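Trainee: Let me begin by handing over the structure; questions about it come next.
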Amino acid sequence: MSRLTYTEPVASAMGTPADDTFIVTIDGPAGSGKTTVSRQVATRLGFDYVDTGALYRGVACAAVEAKIALDDDAALKRLCNTIDIRLIRRDDGLRLMVNGEDVSDKIRTPEMAMAASAVSARPVVRQFLLKLQRRLGSHRKSVFEGRDMGTVVFPGAAVKLYLDADISVRAERRYRELAGKHKVSLAEVRRDMQLRDKNDATRAVAPLKAAKDAICLDTAGMTIDEVVERIVEIATDAYRKK
């Protein structure tokens, strides 16, 4: 039987009732700044932070290591039925454990990003992680980062954000992030990002798009601090009106 374990949430700056659920979703394409922003927003609010993209990368990593074809639904279903995924909070941040191995660094490669995009298009994987993500958001104050958080996973979220930026800006950001860690050129990063954007936006199940009631922010002309401050203001205002 598959398992997902998550450490206890931090105390919220907005109160600590165990049954006081308040979800903030932050969606957007790669390089839009959502990971960095989501982490800082969660810290500012005292909320849990959940990087759902890491969950898909974790499944992809397990599939690749088990030599499972990323379009083999039967094999992927068997994998999902047995995988052990654990999100563990440590001093250096949230770590992803898959079948007892810390894969937090291993999953942050261009190859694993593309593999995650491939498995995320498989209904069997999305259904598996949909249940887990909703369970993680139960009775918690949380910031969920991903690509379909506001449209599919938490359509009733209290606050929905969609971050975006021009492909040139996003590719440059991702290139700087990868520089020194992986041998990759800016052109390669841009090409992979364009392919990922296309795959995510055109997949049949839960395509990447902004929820109808999401607040859209173009982050190209904004600093990280400015984006974080704006989202914290939006979330705080929504919580006070709750």
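Letters A, B, ... mark the chains of the structure tokens in the order given; residue numbers begin at 1 per chain; ligand numbers begin at 1, in order shown.
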Considering only C-alpha atoms, give me a table of residues in range 155-185 of chain A that are at most 12 Å from range 111-129 of chain A, with the closest atom pair and distance in Å for each, as CSV.

Mentor:
```
residue,atom,partner,partner_atom,distance
A:Arg174,CA,A:Ala113,CA,11.8
A:His182,CA,A:Glu111,CA,10.6
A:Lys183,CA,A:Glu111,CA,11.8
A:Val184,CA,A:Glu111,CA,11.0
```

Trainee: Please, could you write that set of residues out with N, CA and C atoms as a PDB file, in the first residue's frame?

Mentor:
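What landed in part11.pdb:
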```pdb
ATOM      1  N   ARG A 174      15.582  30.292 -14.912  1.00  0.00           N
ATOM      2  CA  ARG A 174      15.887  28.874 -14.717  1.00  0.00           C
ATOM      3  C   ARG A 174      17.346  28.570 -15.058  1.00  0.00           C
ATOM      4  N   HIS A 182      24.398  22.037 -13.325  1.00  0.00           N
ATOM      5  CA  HIS A 182      24.216  21.158 -14.465  1.00  0.00           C
ATOM      6  C   HIS A 182      24.796  21.812 -15.713  1.00  0.00           C
ATOM      7  N   LYS A 183      25.365  21.017 -16.605  1.00  0.00           N
ATOM      8  CA  LYS A 183      25.910  21.525 -17.850  1.00  0.00           C
ATOM      9  C   LYS A 183      24.769  21.713 -18.844  1.00  0.00           C
ATOM     10  N   VAL A 184      24.316  22.952 -18.955  1.00  0.00           N
ATOM     11  CA  VAL A 184      23.194  23.238 -19.831  1.00  0.00           C
ATOM     12  C   VAL A 184      23.312  24.673 -20.333  1.00  0.00           C
TER      13      VAL A 184
END
```

Trainee: Residues near range 60-63 of chain A, anyone? I mean within 12 Å using only C-alpha atoms, not counting same-chain ones fewer than 4 positions away, as a ChimeraX atom specification.

Mentor: /A:53-56,67-80,82-85,96-109,111-122,125-126

Trainee: Could you name the residues that touch range 196-202 of chain A at 7 Å or less, counting only C-alpha atoms, but leaving out those on the same chain fewer than 4 positions away, as a PyMOL selection string?

Mentor: chain A and resi 29+114+117+192+207-209

Trainee: With only C-alpha atoms as the counted atoms, please give the residues lying no more than 12 Å from range 133-136 of chain A, apart from itself and same-chain residues fewer than 6 positions off, as a ChimeraX atom specification.

Mentor: /A:3-9,21-23,25,48-56,85-87,126-127,142-146,148-150,152-157

Trainee: Residues as selected, N, CA and C atoms, written as a compact mmCIF listing (two decimals), in the first residue's frame, can you do that?

Mentor:
```
# COMPACT_ATOMS: atom_id res chain seq x y z
N ARG A 3 2.09 5.10 0.68
CA ARG A 3 1.96 5.96 1.85
C ARG A 3 2.53 7.32 1.54
N LEU A 4 1.95 8.34 2.13
CA LEU A 4 2.53 9.66 2.11
C LEU A 4 2.49 10.20 3.53
N THR A 5 3.63 10.59 4.03
CA THR A 5 3.72 11.11 5.39
C THR A 5 4.18 12.55 5.33
N TYR A 6 3.59 13.39 6.18
CA TYR A 6 3.96 14.80 6.23
C TYR A 6 4.14 15.20 7.67
N THR A 7 5.17 15.98 7.94
CA THR A 7 5.42 16.43 9.30
C THR A 7 4.32 17.39 9.74
N GLU A 8 4.21 17.61 11.03
CA GLU A 8 3.17 18.48 11.57
C GLU A 8 3.36 19.91 11.09
N PRO A 9 2.26 20.66 10.88
CA PRO A 9 2.37 22.04 10.42
C PRO A 9 2.95 22.95 11.47
N THR A 21 -9.16 25.27 8.29
CA THR A 21 -8.53 25.08 6.99
C THR A 21 -8.54 26.39 6.19
N PHE A 22 -7.39 26.74 5.63
CA PHE A 22 -7.29 27.92 4.79
C PHE A 22 -6.21 27.64 3.75
N ILE A 23 -6.64 27.51 2.49
CA ILE A 23 -5.73 27.11 1.42
C ILE A 23 -5.42 28.29 0.50
N THR A 25 -3.49 28.78 -3.10
CA THR A 25 -2.88 28.06 -4.22
C THR A 25 -2.09 29.04 -5.08
N ASP A 48 1.82 25.92 6.29
CA ASP A 48 2.55 24.82 5.66
C ASP A 48 2.83 25.20 4.21
N TYR A 49 3.92 24.68 3.66
CA TYR A 49 4.24 24.86 2.25
C TYR A 49 4.32 23.48 1.60
N VAL A 50 3.60 23.29 0.49
CA VAL A 50 3.63 22.02 -0.21
C VAL A 50 3.96 22.26 -1.68
N ASP A 51 5.11 21.75 -2.11
CA ASP A 51 5.54 21.82 -3.50
C ASP A 51 5.01 20.57 -4.20
N THR A 52 3.86 20.68 -4.87
CA THR A 52 3.26 19.50 -5.48
C THR A 52 4.06 19.01 -6.69
N GLY A 53 4.82 19.93 -7.30
CA GLY A 53 5.66 19.51 -8.41
C GLY A 53 6.69 18.49 -7.95
N ALA A 54 7.15 18.63 -6.70
CA ALA A 54 8.13 17.69 -6.17
C ALA A 54 7.52 16.29 -6.05
N LEU A 55 6.21 16.22 -5.76
CA LEU A 55 5.55 14.93 -5.66
C LEU A 55 5.56 14.22 -7.02
N TYR A 56 5.25 14.97 -8.08
CA TYR A 56 5.28 14.39 -9.42
C TYR A 56 6.70 13.99 -9.81
N ILE A 85 6.07 7.81 -0.12
CA ILE A 85 6.54 9.19 -0.27
C ILE A 85 6.41 9.91 1.06
N ARG A 86 7.48 10.56 1.49
CA ARG A 86 7.47 11.27 2.76
C ARG A 86 8.00 12.68 2.57
N LEU A 87 7.26 13.66 3.05
CA LEU A 87 7.71 15.04 3.07
C LEU A 87 8.16 15.33 4.51
N ARG A 126 -2.12 11.24 -11.79
CA ARG A 126 -2.82 12.42 -11.30
C ARG A 126 -3.88 12.05 -10.27
N GLN A 127 -4.60 10.95 -10.51
CA GLN A 127 -5.62 10.53 -9.57
C GLN A 127 -5.00 10.14 -8.24
N SER A 142 -2.39 26.18 4.55
CA SER A 142 -1.33 25.75 3.65
C SER A 142 -1.22 26.60 2.40
N VAL A 143 0.00 26.65 1.88
CA VAL A 143 0.27 27.23 0.56
C VAL A 143 0.64 26.07 -0.34
N PHE A 144 -0.17 25.83 -1.36
CA PHE A 144 0.09 24.75 -2.32
C PHE A 144 0.56 25.34 -3.63
N GLU A 145 1.72 24.90 -4.05
CA GLU A 145 2.31 25.37 -5.31
C GLU A 145 2.20 24.27 -6.37
N GLY A 146 1.82 24.65 -7.59
CA GLY A 146 1.74 23.63 -8.63
C GLY A 146 1.28 24.20 -9.96
N ASP A 148 -2.10 22.87 -11.21
CA ASP A 148 -3.56 22.73 -11.26
C ASP A 148 -4.16 22.82 -9.87
N MET A 149 -3.48 23.51 -8.97
CA MET A 149 -3.96 23.61 -7.60
C MET A 149 -5.29 24.36 -7.51
N GLY A 150 -5.39 25.48 -8.22
CA GLY A 150 -6.60 26.28 -8.14
C GLY A 150 -7.71 25.81 -9.06
N VAL A 152 -8.11 22.32 -10.22
CA VAL A 152 -8.55 20.92 -10.02
C VAL A 152 -8.45 20.46 -8.57
N VAL A 153 -7.29 20.62 -7.96
CA VAL A 153 -7.06 20.05 -6.63
C VAL A 153 -7.85 20.78 -5.56
N PHE A 154 -7.77 22.12 -5.56
CA PHE A 154 -8.49 22.92 -4.56
C PHE A 154 -9.31 24.01 -5.24
N PRO A 155 -10.36 23.63 -5.98
CA PRO A 155 -11.17 24.64 -6.67
C PRO A 155 -11.88 25.59 -5.71
N GLY A 156 -12.01 25.19 -4.45
CA GLY A 156 -12.65 26.04 -3.47
C GLY A 156 -11.66 26.75 -2.55
N ALA A 157 -10.40 26.82 -2.97
CA ALA A 157 -9.37 27.48 -2.16
C ALA A 157 -9.75 28.91 -1.83
```

Trainee: From a DSSP calculation on the backbone, collect every residue of range 22-211 of chain A in strand (DSSP E or B) and output the set as an MDAnalysis selection string.

Mentor: chainID A and resid 22:27 48:51 84:90 93:98 101:102 141:146 159:164

Trainee: Just asking: which residues within range 27-203 of chain A are helix (DSSP H, G or I) according to DSSP, as a ChimeraX atom specification?

Mentor: /A:34-45,52-65,73-82,110-120,123-136,149-153,167-178,186-202

Trainee: Could you check the closest approach to Thr236 in chain A for each of A:Val189, A:Leu130, A:Leu217, A:Val159 and tell me which residue wins, using only C-alpha atoms?

Mentor: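 Distance minimum relative to Thr236 in chain A lands on A:Val159.
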
Trainee: Name the closest residue to Leu94 in chain A among the candidates A:Lys131, A:Arg57, A:Asp225, A:Arg39; distances are taken between atoms, counting only C-alpha atoms.

Mentor: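 Between A:Lys131, A:Arg57, A:Asp225, A:Arg39, the residue approaching Leu94 in chain A most closely is A:Arg39.
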
Trainee: Taking into account only C-alpha atoms, which residue in the set A:Lys181, A:Arg147, A:Leu132, A:Ile215 is nearest to Thr35 in chain A?

Mentor: A:Arg147

Trainee: With only C-alpha atoms as the counted atoms, please give the residues lying no more than 12 Å from Arg230 in chain A, apart from itself and same-chain residues fewer than 5 positions off, as a list in words.

Mentor: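 Listing them by chain and then by number gives Val37, Ser38, Gln40, Val41, Arg44, Leu161, Leu163, Ile215, Cys216, Leu217, Asp218, Thr219, Met222, Thr223, Ile224, Asp225, Ala235, Thr236 and Asp237 of chain A.
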
Trainee: In Å, rounded to a single decimal, give me how far CA of Val227 in chain A is from CA of Asp27 in chain A.

Mentor: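 Calculated distance between CA of Asp27 in chain A and CA of Val227 in chain A is 13.5 Å.
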